[in-house]
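Peer 1: Below you'll find model.cif; it's mmCIF, C-alpha atoms.
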data_query
#
loop_
_atom_site.label_atom_id
_atom_site.label_comp_id
_atom_site.auth_asym_id
_atom_site.auth_seq_id
_atom_site.Cartn_x
_atom_site.Cartn_y
_atom_site.Cartn_z
CA MET A 1 0.00 0.00 0.00
CA ASN A 2 1.34 3.44 -0.90
CA SER A 3 2.20 5.80 1.91
CA ARG A 4 0.40 9.04 1.05
CA ILE A 5 1.47 12.57 1.79
CA SER A 6 -1.37 15.06 1.66
CA PRO A 7 -0.51 18.51 0.33
CA THR A 8 -2.80 20.01 2.99
CA SER A 9 -1.66 17.98 5.96
CA VAL A 10 2.08 17.43 5.60
CA MET A 11 3.22 21.02 5.77
CA PRO A 12 1.66 24.47 6.15
CA CYS A 13 1.15 26.48 3.01
CA LEU A 14 4.37 27.65 1.45
CA LEU A 15 5.14 31.29 2.30
CA PHE A 16 8.15 32.55 0.45
CA SER A 17 9.32 36.10 1.04
CA ALA A 18 9.83 38.56 -1.78
CA ALA A 19 13.55 38.23 -1.18
CA LEU A 20 13.45 34.54 -2.00
CA VAL A 21 11.31 35.04 -5.07
CA ALA A 22 13.76 37.66 -6.26
CA ALA A 23 16.80 35.51 -5.52
CA SER A 24 19.08 35.18 -8.50
CA PHE A 25 19.21 31.99 -10.50
CA LEU A 26 21.98 29.88 -9.05
CA ALA A 27 23.22 26.97 -11.12
CA THR A 28 26.40 24.98 -11.14
CA SER A 29 26.40 21.79 -13.16
CA ARG A 30 28.69 19.05 -14.30
CA ALA A 31 29.55 18.99 -17.95
CA ASN A 32 28.83 15.26 -18.03
CA ALA A 33 28.33 12.29 -15.76
CA ASP A 34 32.04 11.41 -15.81
CA GLU A 35 33.14 14.68 -14.22
CA PRO A 36 32.58 15.76 -10.62
CA ALA A 37 29.74 18.18 -10.03
CA ALA A 38 30.54 21.75 -9.14
CA SER A 39 30.43 22.23 -5.39
CA ASP A 40 29.50 25.22 -3.30
CA GLU A 41 31.41 23.86 -0.32
CA THR A 42 34.74 25.30 0.71
CA SER A 43 36.11 21.88 1.61
CA SER A 44 37.94 19.68 -0.88
CA GLN A 45 35.23 17.01 -0.71
CA GLN A 46 33.70 16.35 -4.12
CA SER A 47 30.01 15.82 -4.74
CA VAL A 48 28.79 12.29 -5.39
CA LEU A 49 25.53 13.65 -6.82
CA HIS A 50 25.99 13.46 -10.58
CA ASN A 51 24.78 16.34 -12.74
CA ARG A 52 23.78 18.36 -9.70
CA LEU A 53 22.27 21.78 -10.40
CA GLU A 54 21.51 24.42 -7.79
CA ILE A 55 18.42 26.19 -9.04
CA HIS A 56 17.11 28.08 -6.03
CA PRO A 57 17.89 28.05 -2.29
CA LYS A 58 15.03 25.58 -1.96
CA LEU A 59 15.50 23.56 -5.16
CA MET A 60 18.20 21.37 -6.68
CA SER A 61 18.14 18.73 -9.39
CA GLY A 62 20.46 15.91 -10.37
CA ALA A 63 20.88 12.19 -10.85
CA ALA A 64 19.37 9.56 -8.59
CA PRO A 65 21.22 9.32 -5.28
CA VAL A 66 23.03 5.99 -4.92
CA GLY A 67 24.34 4.73 -1.59
CA ASP A 68 24.52 6.20 1.89
CA GLU A 69 27.15 8.74 0.84
CA ALA A 70 24.75 10.37 -1.63
CA TYR A 71 21.90 10.60 0.87
CA ALA A 72 24.31 11.92 3.49
CA GLU A 73 25.42 14.64 1.06
CA LEU A 74 21.81 15.64 0.42
CA GLN A 75 21.24 15.94 4.16
CA ARG A 76 24.45 17.94 4.54
CA ARG A 77 23.34 20.32 1.81
CA GLY A 78 20.11 21.01 3.66
CA VAL A 79 17.76 18.94 1.50
CA ARG A 80 14.80 17.47 3.36
CA VAL A 81 12.53 16.27 0.54
CA ILE A 82 13.58 14.17 -2.47
CA VAL A 83 11.30 14.27 -5.50
CA SER A 84 11.78 11.38 -7.93
CA VAL A 85 10.33 11.59 -11.42
CA ASP A 86 11.90 8.26 -12.41
CA GLY A 87 9.88 5.12 -12.96
CA GLN A 88 12.02 3.09 -10.57
CA ARG A 89 10.79 2.58 -7.01
CA PRO A 90 12.35 5.22 -4.72
CA ASP A 91 14.61 3.93 -1.96
CA VAL A 92 12.51 5.45 0.81
CA GLU A 93 14.25 3.38 3.49
CA ALA A 94 17.70 4.73 2.61
CA ALA A 95 16.32 8.27 2.57
CA ARG A 96 14.71 7.89 5.99
CA LYS A 97 18.03 6.81 7.51
CA HIS A 98 19.27 10.31 6.78
CA GLY A 99 16.14 12.18 7.84
CA LEU A 100 14.90 12.62 4.26
CA ARG A 101 11.54 11.75 2.76
CA TYR A 102 10.52 10.91 -0.79
CA ILE A 103 7.77 12.12 -3.07
CA HIS A 104 7.31 10.11 -6.26
CA ILE A 105 5.96 11.79 -9.42
CA PRO A 106 7.06 9.58 -12.34
CA ILE A 107 6.97 11.21 -15.78
CA GLY A 108 7.97 10.06 -19.24
CA TYR A 109 10.40 11.47 -21.77
CA ASP A 110 7.45 12.72 -23.83
CA GLY A 111 6.79 15.71 -21.58
CA VAL A 112 5.59 17.11 -18.27
CA GLY A 113 1.86 16.45 -18.49
CA GLU A 114 -1.04 18.19 -16.77
CA GLU A 115 -1.10 15.77 -13.84
CA ALA A 116 2.61 16.33 -13.21
CA CYS A 117 2.09 20.11 -13.39
CA ARG A 118 -0.65 19.84 -10.79
CA SER A 119 1.71 17.79 -8.60
CA ALA A 120 4.37 20.49 -9.05
CA LEU A 121 1.92 23.09 -7.78
CA ALA A 122 1.01 20.83 -4.85
CA LEU A 123 4.71 20.67 -4.00
CA THR A 124 5.16 24.43 -3.98
CA ARG A 125 2.08 24.89 -1.82
CA SER A 126 2.74 22.16 0.72
CA ILE A 127 6.52 21.84 1.01
CA ASP A 128 8.44 24.56 2.79
CA GLU A 129 11.74 22.67 2.83
CA PRO A 130 14.62 22.37 0.35
CA MET A 131 13.91 19.80 -2.38
CA TYR A 132 16.12 17.69 -4.62
CA VAL A 133 14.47 16.58 -7.89
CA HIS A 134 15.96 13.62 -9.73
CA CYS A 135 15.38 11.26 -12.62
CA HIS A 136 17.92 8.53 -13.46
CA HIS A 137 20.82 10.48 -14.99
CA GLY A 138 19.68 13.94 -13.89
CA LYS A 139 19.85 15.46 -17.38
CA HIS A 140 16.41 15.21 -18.95
CA ARG A 141 13.21 14.52 -16.96
CA GLY A 142 14.55 15.76 -13.61
CA PRO A 143 15.62 19.23 -14.79
CA ALA A 144 12.38 19.54 -16.79
CA MET A 145 10.28 18.84 -13.70
CA ALA A 146 12.47 21.15 -11.63
CA ALA A 147 11.90 23.91 -14.22
CA VAL A 148 8.14 23.42 -13.93
CA ILE A 149 8.34 23.48 -10.12
CA ALA A 150 10.41 26.67 -10.22
CA GLN A 151 7.95 28.35 -12.56
CA SER A 152 5.02 27.22 -10.41
CA ALA A 153 6.67 28.82 -7.37
CA GLY A 154 7.58 32.02 -9.22
CA TRP A 155 11.32 31.42 -8.84
CA MET A 156 11.95 31.40 -12.59
CA ASN A 157 10.55 32.97 -15.71
CA ARG A 158 10.18 31.11 -18.99
CA LYS A 159 13.59 32.12 -20.37
CA GLU A 160 15.39 31.03 -17.20
CA ALA A 161 13.52 27.71 -17.22
CA VAL A 162 14.57 26.99 -20.81
CA ASP A 163 18.15 27.99 -19.98
CA LEU A 164 18.06 25.45 -17.15
CA LEU A 165 17.42 22.65 -19.66
CA ARG A 166 20.35 23.86 -21.75
CA GLN A 167 22.58 23.95 -18.69
CA ALA A 168 21.49 20.45 -17.68
CA GLY A 169 22.23 19.06 -21.14
CA THR A 170 18.65 17.97 -21.76
CA GLY A 171 18.53 16.12 -25.08
CA THR A 172 16.92 18.02 -27.93
CA GLN A 173 15.36 14.75 -29.06
CA TYR A 174 13.05 14.93 -26.05
CA SER A 175 10.97 17.65 -27.67
CA GLY A 176 8.05 17.17 -25.29
CA LEU A 177 10.15 18.17 -22.28
CA TRP A 178 11.32 21.36 -24.01
CA ARG A 179 7.78 22.11 -25.20
CA ASP A 180 6.22 21.82 -21.77
CA VAL A 181 8.89 23.85 -20.01
CA ASP A 182 8.87 26.58 -22.66
CA GLY A 183 5.07 26.63 -22.83
CA PHE A 184 4.37 26.41 -19.11
CA GLN A 185 1.30 28.32 -17.95
CA PRO A 186 0.44 28.82 -14.27
CA LEU A 187 -2.56 26.76 -13.23
CA PRO A 188 -5.71 28.74 -12.39
CA ALA A 189 -6.76 29.39 -8.81
CA GLY A 190 -8.92 26.63 -7.44
CA THR A 191 -7.18 23.88 -9.42
CA GLU A 192 -7.74 20.55 -7.69
CA LEU A 193 -4.40 19.22 -6.53
CA PRO A 194 -3.41 15.54 -6.28
CA GLU A 195 -2.11 13.75 -3.23
CA LEU A 196 1.65 13.42 -3.08
CA VAL A 197 2.85 9.87 -2.48
CA GLU A 198 6.13 8.25 -1.48
CA ILE A 199 5.77 5.44 -4.01
CA ALA A 200 3.54 5.94 -7.03
CA GLU A 201 2.01 3.17 -9.09
CA VAL A 202 3.95 2.73 -12.33
CA SER A 203 2.81 0.79 -15.37
CA THR A 204 4.32 -2.65 -15.77
CA LEU A 205 6.02 -1.72 -19.05
CA ALA A 206 7.58 1.39 -17.53
CA SER A 207 8.91 -0.66 -14.63
CA HIS A 208 10.52 -3.21 -16.93
CA MET A 209 11.98 -0.50 -19.14
CA VAL A 210 13.55 1.14 -16.10
CA ASP A 211 15.07 -2.20 -15.15
CA THR A 212 16.31 -2.62 -18.73
CA SER A 213 17.97 0.80 -18.59
CA VAL A 214 19.70 -0.03 -15.31
CA ARG A 215 20.96 -3.38 -16.64
CA TYR A 216 22.23 -1.71 -19.79
CA GLU A 217 24.20 0.84 -17.75
CA VAL A 218 25.84 -2.02 -15.84
CA LEU A 219 27.09 -3.43 -19.14
CA VAL A 220 28.28 -0.01 -20.30
CA ASP A 221 30.41 0.23 -17.15
CA ALA A 222 31.65 -3.32 -17.74
CA MET A 223 32.63 -2.39 -21.29
CA LYS A 224 34.74 0.48 -19.94
CA SER A 225 36.45 -1.65 -17.30
CA GLY A 226 36.66 -4.90 -19.28
CA ASP A 227 35.11 -6.76 -16.34
CA TRP A 228 32.29 -8.63 -18.11
CA ASN A 229 30.01 -11.08 -16.35
CA VAL A 230 27.65 -13.53 -18.06
CA SER A 231 25.06 -13.05 -15.31
CA ASP A 232 24.85 -9.32 -16.09
CA VAL A 233 24.16 -10.12 -19.75
CA ARG A 234 21.46 -12.59 -18.75
CA LEU A 235 19.79 -10.05 -16.45
CA LEU A 236 19.60 -7.56 -19.32
CA GLN A 237 18.19 -10.24 -21.58
CA GLU A 238 15.54 -11.09 -18.98
CA ALA A 239 14.58 -7.42 -18.60
CA LEU A 240 14.13 -7.12 -22.36
CA ARG A 241 12.06 -10.30 -22.49
CA GLU A 242 9.79 -9.01 -19.73
CA SER A 243 9.41 -5.72 -21.59
CA HIS A 244 8.57 -7.68 -24.74
CA ARG A 245 5.94 -9.65 -22.81
CA VAL A 246 3.95 -6.57 -21.75
CA CYS A 247 4.59 -4.08 -24.58
CA ASN A 248 2.14 -3.33 -27.38
CA GLU A 249 2.19 -5.15 -30.71
CA GLU A 250 3.94 -2.31 -32.51
CA MET A 251 6.94 -2.47 -30.15
CA ARG A 252 7.28 -6.26 -30.02
CA PRO A 253 9.55 -6.79 -33.07
CA ALA A 254 12.11 -4.24 -31.82
CA MET A 255 12.04 -5.69 -28.30
CA MET A 256 12.55 -9.23 -29.57
CA LYS A 257 15.38 -8.15 -31.87
CA SER A 258 17.20 -6.53 -28.94
CA ALA A 259 16.63 -9.57 -26.71
CA GLU A 260 18.07 -11.87 -29.39
CA LEU A 261 21.09 -9.58 -29.78
CA VAL A 262 21.78 -9.68 -26.04
CA HIS A 263 21.38 -13.47 -26.08
CA SER A 264 24.21 -13.73 -28.63
CA MET A 265 26.41 -11.71 -26.26
CA GLU A 266 26.49 -14.57 -23.74
CA ALA A 267 28.80 -16.60 -25.98
CA GLN A 268 30.93 -13.54 -26.68
CA VAL A 269 31.45 -12.98 -22.96
CA THR A 270 32.25 -16.66 -22.37
CA ARG A 271 35.00 -16.71 -24.99
CA GLY A 272 36.26 -13.24 -24.06
CA ASP A 273 35.77 -11.69 -27.48
CA MET A 274 35.88 -8.05 -26.39
CA GLU A 275 35.85 -6.55 -29.86
CA GLU A 276 32.74 -8.47 -30.86
CA LEU A 277 31.15 -7.48 -27.55
CA ARG A 278 31.78 -3.81 -28.26
CA GLN A 279 30.21 -4.19 -31.70
CA SER A 280 27.18 -5.91 -30.18
CA MET A 281 26.82 -3.14 -27.59
CA ALA A 282 26.97 -0.54 -30.38
CA ARG A 283 24.24 -2.37 -32.30
CA LEU A 284 22.15 -2.65 -29.13
CA LYS A 285 22.49 1.08 -28.45
CA GLU A 286 21.43 1.87 -32.00
CA ALA A 287 18.41 -0.45 -31.72
CA CYS A 288 17.41 1.18 -28.41
CA ASN A 289 17.79 4.67 -29.85
CA GLN A 290 15.60 3.80 -32.82
CA CYS A 291 12.93 2.34 -30.55
CA HIS A 292 13.05 5.38 -28.23
CA THR A 293 12.76 7.78 -31.15
CA ARG A 294 9.66 6.01 -32.39
CA HIS A 295 7.89 5.15 -29.14
CA ARG A 296 9.27 7.21 -26.25
CA ASN A 297 10.41 10.65 -27.38
#
Mind converting the file's structure to structure tokens?
Peer 2:
Amino acid sequence: MNSRISPTSVMPCLLFSAALVAASFLATSRANADEPAASDETSSQQSVLHNRLEIHPKLMSGAAPVGDEAYAELQRRGVRVIVSVDGQRPDVEAARKHGLRYIHIPIGYDGVGEEACRSALALTRSIDEPMYVHCHHGKHRGPAMAAVIAQSAGWMNRKEAVDLLRQAGTGTQYSGLWRDVDGFQPLPAGTELPELVEIAEVSTLASHMVDTSVRYEVLVDAMKSGDWNVSDVRLLQEALRESHRVCNEEMRPAMMKSAELVHSMEAQVTRGDMEELRQSMARLKEACNQCHTRHRN
């Protein structure tokens, strides 16, 4: 059963002073996920939060926190509420260990829809604590949702919100995200707001696709290090098969083609054929990109 957080009962209405609303746009970001994020701390400690952006004194965005060190850093930076827009189940237990709580508002790469915009308004009205908004990598959906939240709160105008996507490195192929940030309109007074939940219900396909993405990233890291494991290949293959099982008829051929390609990689790993593995990974990436362009973007 989902643990629900009511926008009227969790916190008093958000009262931001004119000084906060007029605060200048603060943003420091990493150029890519392989470089350390810019830090506002005077110590030499580097951030473990990939693609972190400071947007407002009460709003940051970035990649999903992984491990106790990431949650500890969020706590140290003053964050009290983590907003996940990813399809993967939030690690609410890890967050609680560090005095943090989760709100889950999963969105797709196709845009920030009306329901998500209403949730953004519910956040600004019910949360009076610093928030950290994340997707998986912290470059696309997370910054887009953060831009909508900032516009809902009056912390950003349209131009600043679009600049945030540029700074985050949001892919231009995700035209729906750019459209909804650029075309954001404040919701009218009296708009009915949704409940905010720790763990939202996510469609079965979305869940499997998230798992597929995670398994793929494991293999990408293995390709860089040369430390391949047959079990990792099999887990990716299983994730693709599960996605194939629940996807619509139009997506099935592409899903099956990718699953068959990953199946052939088992033998390549076993015999240690690294060059053939790299070629297979390149073909898999191309197949995924084609499928995303057609069905996700």
Peer 1: In Å, rounded to a single decimal, give me how far CA of Gly62 in chain A is from CA of Gly171 in chain A.
Peer 2: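 Between CA of Gly171 in chain A and CA of Gly62 in chain A the gap works out to 14.8 Å.
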Peer 1: Kindly provide, as JSON, the centre and edge lengths (Å, one decimal) of an axis-aligned box around all atoms of range 156-169 of chain A given in the file, with 3 Å on each side.
Peer 2:
{"center_x": 16.4, "center_y": 26.0, "center_z": -17.2, "size_x": 18.4, "size_y": 19.9, "size_z": 15.2}
Peer 1: Could you check which of A:Gln167, A:Ser280, A:Gln151, A:Gln268 is closest to Asp180 in chain A, using all atoms listed in the file?
Peer 2: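 Using all atoms listed in the file, Asp180 in chain A sits closest to A:Gln151.
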Peer 1: Calculated over all atoms listed in the file, which of the candidates A:Glu198, A:Asp163, A:Asp128, A:Asp110 has the smallest distance to Val92 in chain A?
Peer 2: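 For Val92 in chain A, the nearest of the candidates is A:Glu198.
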Peer 1: Please identify all polymer residues within 7 Å of range 250-263 of chain A, counting all atoms listed in the file, omitting same-chain residues fewer than 2 positions from it, and present them as a list in words.
Peer 2: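 Answer for this query is Val233, Gln237, Leu240, Arg241, His244, Cys247, Asn248, Met265, Glu266, Leu284, Ala287 and Cys291 of chain A.
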